[in-house]
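Enquirer: target.cif is reproduced in full below (mmCIF, C-alpha atoms).
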data_work
#
loop_
_atom_site.label_atom_id
_atom_site.label_comp_id
_atom_site.auth_asym_id
_atom_site.auth_seq_id
_atom_site.Cartn_x
_atom_site.Cartn_y
_atom_site.Cartn_z
CA MET A 285 -29.51 -25.82 10.64
CA THR A 286 -28.30 -22.82 12.72
CA GLY A 287 -26.28 -19.97 11.23
CA SER A 288 -23.14 -21.30 12.90
CA GLN A 289 -23.65 -24.80 11.52
CA ALA A 290 -24.33 -23.43 8.06
CA ILE A 291 -21.05 -21.51 8.06
CA TYR A 292 -19.15 -24.41 9.55
CA SER A 293 -20.44 -26.76 6.87
CA MET A 294 -19.15 -24.27 4.31
CA THR A 295 -15.74 -23.95 5.92
CA LYS A 296 -14.90 -27.41 7.20
CA LEU A 297 -12.70 -27.93 4.18
CA LEU A 298 -11.80 -24.25 4.05
CA ASP A 299 -10.75 -24.32 0.44
CA ASP A 300 -10.15 -21.10 -1.43
CA GLN A 301 -13.40 -21.14 -3.37
CA LYS A 302 -15.52 -21.56 -0.26
CA LEU A 303 -13.67 -18.86 1.61
CA HIS A 304 -14.09 -16.39 -1.26
CA LYS A 305 -17.83 -17.13 -1.18
CA LEU A 306 -17.94 -16.84 2.61
CA PHE A 307 -16.24 -13.44 2.62
CA ARG A 308 -18.31 -12.12 -0.27
CA GLU A 309 -21.54 -13.06 1.45
CA HIS A 310 -20.80 -12.48 5.10
CA TRP A 311 -18.16 -9.83 5.49
CA SER A 312 -18.76 -6.16 4.96
CA TYR A 313 -17.64 -2.89 6.49
CA VAL A 314 -19.10 0.39 7.54
CA ALA A 315 -19.11 2.97 4.78
CA MET A 316 -16.52 5.72 4.94
CA PRO A 317 -17.97 9.05 6.18
CA GLU A 318 -18.53 11.43 3.28
CA ASP A 319 -16.95 14.45 5.01
CA MET A 320 -13.77 12.42 5.65
CA ARG A 321 -13.71 11.33 2.00
CA LYS A 322 -13.94 14.96 0.83
CA ARG A 323 -11.30 16.26 3.26
CA ILE A 324 -8.75 13.64 2.25
CA GLN A 325 -9.50 14.09 -1.45
CA TYR A 326 -8.83 17.82 -1.13
CA GLN A 327 -5.54 17.14 0.72
CA MET A 328 -4.49 14.57 -1.86
CA LEU A 329 -5.21 16.83 -4.84
CA SER A 330 -3.34 19.69 -3.16
CA GLU A 331 -0.37 17.36 -2.71
CA VAL A 332 -0.52 16.32 -6.38
CA ALA A 333 -0.40 20.00 -7.41
CA LEU A 334 2.40 20.73 -4.94
CA THR A 335 4.45 17.77 -6.18
CA LEU A 336 4.12 19.03 -9.76
CA GLN A 337 5.20 22.54 -8.76
CA THR A 338 8.14 21.27 -6.69
CA ASN A 339 9.34 19.00 -9.48
CA ALA A 340 9.11 21.83 -12.01
CA ALA A 341 11.08 24.13 -9.70
CA GLU A 342 13.72 21.50 -8.89
CA ARG A 343 14.46 20.36 -12.43
CA PRO A 344 16.67 23.30 -13.62
CA ARG A 345 18.37 23.49 -10.22
CA HIS A 346 19.38 19.84 -10.49
CA VAL A 347 20.99 20.49 -13.83
CA GLY A 348 22.83 23.45 -12.32
CA HIS A 349 24.11 21.35 -9.41
CA ARG A 350 25.42 18.68 -11.73
CA TRP A 351 27.18 21.22 -13.94
CA GLN A 352 28.64 22.98 -10.89
CA ALA A 353 29.85 19.71 -9.37
CA LYS A 354 31.55 18.74 -12.61
CA SER A 355 33.19 22.15 -13.06
CA LEU A 356 34.63 22.07 -9.55
CA SER A 357 36.05 18.56 -9.86
CA ILE A 358 39.83 19.00 -9.88
CA GLY A 359 40.77 15.31 -9.82
CA PRO A 360 40.75 14.74 -13.62
CA ILE A 361 42.57 18.06 -14.22
CA LEU A 362 45.33 17.11 -11.79
CA TRP A 363 45.77 13.71 -13.43
CA PHE A 364 45.89 15.38 -16.83
CA LEU A 365 48.62 17.82 -15.65
CA ILE A 366 50.70 15.07 -14.00
CA ALA A 367 50.45 12.86 -17.09
CA GLY A 368 51.31 15.85 -19.32
CA ALA A 369 54.39 16.71 -17.21
CA GLY A 370 55.51 13.07 -17.31
CA ILE A 371 55.27 12.91 -21.09
CA LEU A 372 57.13 16.23 -21.41
CA MET A 373 59.98 15.00 -19.16
CA LEU A 374 60.18 11.79 -21.17
CA LEU A 375 60.39 13.76 -24.42
CA LEU A 376 63.13 16.03 -22.99
CA ALA A 377 65.10 12.98 -21.82
CA LEU A 378 64.80 11.40 -25.29
CA ILE A 379 66.01 14.63 -27.00
CA GLN A 380 69.07 14.76 -24.71
CA ILE A 381 69.94 11.16 -25.61
CA MET B 1152 1.74 -8.67 -12.17
CA LYS B 1153 2.25 -5.35 -13.90
CA ALA B 1154 0.51 -2.03 -13.32
CA ASP B 1155 -1.64 -0.39 -15.97
CA LYS B 1156 1.07 1.64 -17.72
CA ARG B 1157 -1.21 4.29 -19.17
CA LEU B 1158 -2.88 4.94 -15.84
CA LEU B 1159 0.49 4.98 -14.08
CA ARG B 1160 1.92 7.50 -16.55
CA ARG B 1161 -1.05 9.84 -16.11
CA LEU B 1162 -0.75 9.62 -12.35
CA GLN B 1163 2.97 10.33 -12.56
CA GLU B 1164 2.22 13.33 -14.75
CA GLY B 1165 -0.03 14.64 -11.97
CA ASP B 1166 -3.27 14.61 -13.94
CA GLN B 1167 -5.90 15.77 -11.41
CA ALA B 1168 -8.85 13.98 -13.05
CA THR B 1169 -6.93 10.68 -13.07
CA TRP B 1170 -5.96 11.12 -9.43
CA THR B 1171 -9.59 11.87 -8.52
CA GLN B 1172 -10.75 8.70 -10.27
CA PHE B 1173 -7.95 6.67 -8.69
CA TYR B 1174 -8.91 8.05 -5.28
CA ASN B 1175 -12.60 7.29 -5.75
CA ASP B 1176 -11.79 3.72 -6.81
CA TRP B 1177 -9.56 2.89 -3.86
CA VAL B 1178 -10.31 5.09 -0.88
CA GLN B 1179 -13.09 2.86 0.49
CA PRO B 1180 -11.06 -0.40 0.23
CA LEU B 1181 -8.14 1.37 1.96
CA TYR B 1182 -10.49 2.63 4.67
CA ASN B 1183 -11.64 -0.98 5.15
CA PHE B 1184 -8.07 -2.22 5.20
CA ILE B 1185 -7.09 0.24 7.95
CA ARG B 1186 -10.11 -0.79 10.03
CA SER B 1187 -9.22 -4.47 9.58
CA ASN B 1188 -5.96 -3.73 11.41
CA GLY B 1189 -7.89 -3.15 14.61
CA ILE B 1190 -8.00 0.64 14.27
CA SER B 1191 -11.49 1.91 15.03
CA ASN B 1192 -10.94 5.48 16.25
CA PRO B 1193 -12.20 7.74 13.41
CA ASP B 1194 -9.44 10.30 14.00
CA ASP B 1195 -6.74 7.62 13.76
CA ILE B 1196 -8.31 6.15 10.62
CA GLU B 1197 -8.47 9.59 9.01
CA GLU B 1198 -4.86 10.33 9.97
CA ILE B 1199 -3.57 7.09 8.44
CA LEU B 1200 -5.72 7.41 5.34
CA SER B 1201 -4.70 11.02 4.88
CA ASP B 1202 -0.99 10.18 5.36
CA THR B 1203 -1.33 7.43 2.76
CA TRP B 1204 -2.94 9.64 0.11
CA ILE B 1205 -0.63 12.56 0.77
CA ALA B 1206 2.40 10.27 0.39
CA ALA B 1207 1.04 8.67 -2.79
CA PRO B 1208 1.89 11.43 -5.34
CA ARG B 1209 5.56 11.46 -4.22
CA ALA B 1210 5.85 7.68 -3.85
CA ILE B 1211 4.36 6.98 -7.28
CA GLU B 1212 7.21 8.87 -8.96
CA ASN B 1213 9.56 6.01 -8.00
CA PHE B 1214 7.08 3.22 -8.77
CA ASP B 1215 7.85 1.54 -12.09
CA GLY B 1216 4.89 -0.85 -12.09
CA GLN B 1217 7.02 -3.76 -13.33
CA ASN B 1218 6.46 -6.14 -10.43
CA ALA B 1219 3.30 -4.89 -8.76
CA THR B 1220 -0.11 -3.44 -9.56
CA LEU B 1221 -1.25 0.01 -8.48
CA LYS B 1222 -3.60 -1.67 -6.01
CA THR B 1223 -0.66 -3.45 -4.37
CA PHE B 1224 1.31 -0.19 -4.39
CA LEU B 1225 -1.47 1.61 -2.51
CA PHE B 1226 -2.07 -1.12 0.05
CA THR B 1227 1.69 -1.42 0.69
CA LEU B 1228 1.84 2.34 1.30
CA ALA B 1229 -1.14 2.10 3.67
CA ARG B 1230 0.45 -0.82 5.52
CA ARG B 1231 3.57 1.31 6.13
CA LYS B 1232 1.44 4.15 7.47
CA ILE B 1233 -0.38 1.68 9.75
CA ALA B 1234 3.00 0.42 11.02
CA ASP B 1235 4.01 4.06 11.70
CA HIS B 1236 0.76 4.49 13.62
CA TRP B 1237 1.38 1.42 15.79
CA ARG B 1238 4.89 2.64 16.55
CA ARG B 1239 3.36 5.84 17.95
CA HIS B 1240 0.35 4.29 19.70
CA LYS B 1241 -0.10 1.14 21.75
CA PRO B 1242 -2.61 -1.31 20.24
CA THR B 1243 -5.39 -0.98 22.81
CA GLU B 1244 -8.32 -0.16 20.59
CA ASP B 1245 -11.37 -2.28 19.85
CA LEU B 1246 -11.61 -4.53 16.85
CA PRO B 1247 -13.41 -3.25 13.76
CA ASP B 1248 -17.13 -3.39 13.30
CA ALA B 1249 -18.75 -4.96 10.31
CA ILE B 1250 -22.20 -4.40 8.91
CA PRO B 1251 -24.22 -7.59 8.87
CA VAL B 1252 -25.47 -8.32 5.38
CA SER B 1253 -29.25 -7.93 5.38
CA HIS B 1254 -30.22 -11.29 3.89
CA SER B 1255 -28.33 -13.39 6.44
CA PRO B 1256 -27.71 -11.40 9.63
CA ASP B 1257 -26.98 -14.42 11.88
CA GLU B 1258 -24.26 -15.86 9.71
CA SER B 1259 -22.71 -12.44 9.15
CA LEU B 1260 -22.67 -11.76 12.88
CA ILE B 1261 -20.96 -15.10 13.53
CA MET B 1262 -18.43 -14.35 10.83
CA GLN B 1263 -17.79 -10.89 12.30
CA GLU B 1264 -17.33 -12.30 15.81
CA ALA B 1265 -15.02 -15.07 14.59
CA LEU B 1266 -12.81 -12.59 12.74
CA ALA B 1267 -12.84 -10.18 15.69
CA GLN B 1268 -11.35 -12.89 17.92
CA MET B 1269 -8.43 -13.50 15.58
CA PRO B 1270 -5.01 -11.84 15.89
CA ASP B 1271 -4.75 -8.72 13.68
CA HIS B 1272 -2.31 -10.16 11.16
CA GLU B 1273 -4.37 -13.35 10.69
CA ARG B 1274 -7.61 -11.40 10.20
CA GLN B 1275 -5.80 -9.06 7.84
CA VAL B 1276 -4.38 -11.85 5.67
CA LEU B 1277 -7.80 -13.49 5.33
CA ILE B 1278 -9.46 -10.21 4.37
CA LEU B 1279 -6.75 -9.39 1.84
CA ARG B 1280 -7.00 -12.85 0.30
CA TYR B 1281 -10.71 -13.53 0.33
CA TYR B 1282 -12.35 -10.10 0.43
CA GLU B 1283 -9.89 -7.90 -1.46
CA GLU B 1284 -8.90 -10.92 -3.62
CA PHE B 1285 -5.14 -10.32 -3.69
CA SER B 1286 -2.82 -13.15 -4.73
CA VAL B 1287 -0.49 -14.66 -2.12
CA SER B 1288 2.53 -12.92 -3.67
CA GLU B 1289 0.74 -9.55 -3.59
CA ILE B 1290 -0.16 -10.07 0.08
CA ALA B 1291 3.49 -10.93 0.79
CA GLU B 1292 4.47 -7.62 -0.81
CA ILE B 1293 1.84 -5.65 1.12
CA MET B 1294 2.60 -7.25 4.48
CA GLY B 1295 6.36 -7.20 4.00
CA ARG B 1296 6.68 -10.97 4.38
CA THR B 1297 8.16 -13.75 2.29
CA TYR B 1298 5.92 -15.80 0.01
CA LYS B 1299 6.39 -18.90 2.18
CA GLY B 1300 5.77 -16.91 5.35
CA THR B 1301 2.55 -15.53 3.90
CA GLU B 1302 1.37 -18.97 2.83
CA SER B 1303 2.03 -20.28 6.30
CA LEU B 1304 0.21 -17.32 7.92
CA LEU B 1305 -2.74 -17.85 5.60
CA SER B 1306 -2.86 -21.52 6.47
CA ARG B 1307 -2.82 -20.77 10.23
CA ALA B 1308 -5.50 -18.10 9.77
CA ARG B 1309 -7.74 -20.49 7.80
CA LYS B 1310 -7.36 -23.13 10.49
CA ARG B 1311 -8.13 -20.68 13.29
CA LEU B 1312 -11.18 -19.32 11.46
CA GLY B 1313 -12.44 -22.89 11.08
CA GLU B 1314 -11.99 -23.45 14.81
CA TYR B 1315 -13.83 -20.23 15.76
CA LEU B 1316 -16.70 -20.96 13.41
#
Please re-express this file's structure in structure tokens.

Expert:
Amino acid sequence: MTGSQAIYSMTKLLDDQKLHKLFREHWSYVAMPEDMRKRIQYQMLSEVALTLQTNAAERPRHVGHRWQAKSLSIGPILWFLIAGAGILMLLLALIQI
Amino acid sequence: MKADKRLLRRLQEGDQATWTQFYNDWVQPLYNFIRSNGISNPDDIEEILSDTWIAAPRAIENFDGQNATLKTFLFTLARRKIADHWRRHKPTEDLPDAIPVSHSPDESLIMQEALAQMPDHERQVLILRYYEEFSVSEIAEIMGRTYKGTESLLSRARKRLGEYL
């Protein structure tokens, strides 16, 4: 039986089990070059450290932004003043009656 | 499937030893995955692999691990970087090489040639399913397809592989 026939006999039904076996036994790749592995590992670890530093630096600033945004929000204050004026006018009208 | 919570937390905390281990576990399969997309130029492979690993520390901050494993997370990230690569470059490169397994060189060569003739996405789905041993739903996540679409692609790929062999 030739190599091709042997594989074909394994795959004519092409069920999952046979294909797992086929790939395990007959498919492989070239190994990754070691210098490439080291270069990318160095870049990745530098990025991990940088991400940590950036997050640490950004955390207090975020809090500051949120506080600042809230303190500058005039919408609720305006509503409070309008509602207050309305209640005051209503009270004055009731006193006059 | 859920990610290993302890491992995920340590990665999110930026633990260098955990990242080194994580890298050593998955860099070769990712290298293989990139090559299986028809990318054989070493510079292109390094660029995609590097982009993937540089993006990982940021991307993992938003990964909750509830619906996917860390393996799926990494392969999905790599698939996005491969898509970015193809947007920048036309797909004119040669198909990937494989090393024939020493005990059965003829059969391995036939297998390699059959896979090399297949369209990229069909070869990729077969390798993810039968070499990397992902489930169909994980492959759907990685390839950005629906479950049904992935099943159908897998079925077509199986049929074509049978024809080529």

Enquirer: Using the chain letters and residue numbers of this document, give as a list in words the residues selected by the PyMOL selection byres ((chain A) within 6 of (chain B)).

Expert: Gly287, Tyr292, His304, Phe307, His310, Ser312, Tyr313, Val314, Ile324, Met328, Glu331 and Val332 of chain A

Enquirer: Could you jot down the atom CA of Ala1308 of chain B to atom CA of Gln1268 of chain B separation for me, Å, one decimal place?

Expert: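 Computed distance, atom CA of Ala1308 of chain B to atom CA of Gln1268 of chain B, equals 11.3 Å.
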
Enquirer: Contacts of segment 1287-1296 of chain B at 7 Å or less, counting all atoms listed in the file, minus same-chain residues fewer than 3 places along, as a PyMOL selection string?

Expert: chain B and resi 1223+1226-1227+1230+1279+1300-1302
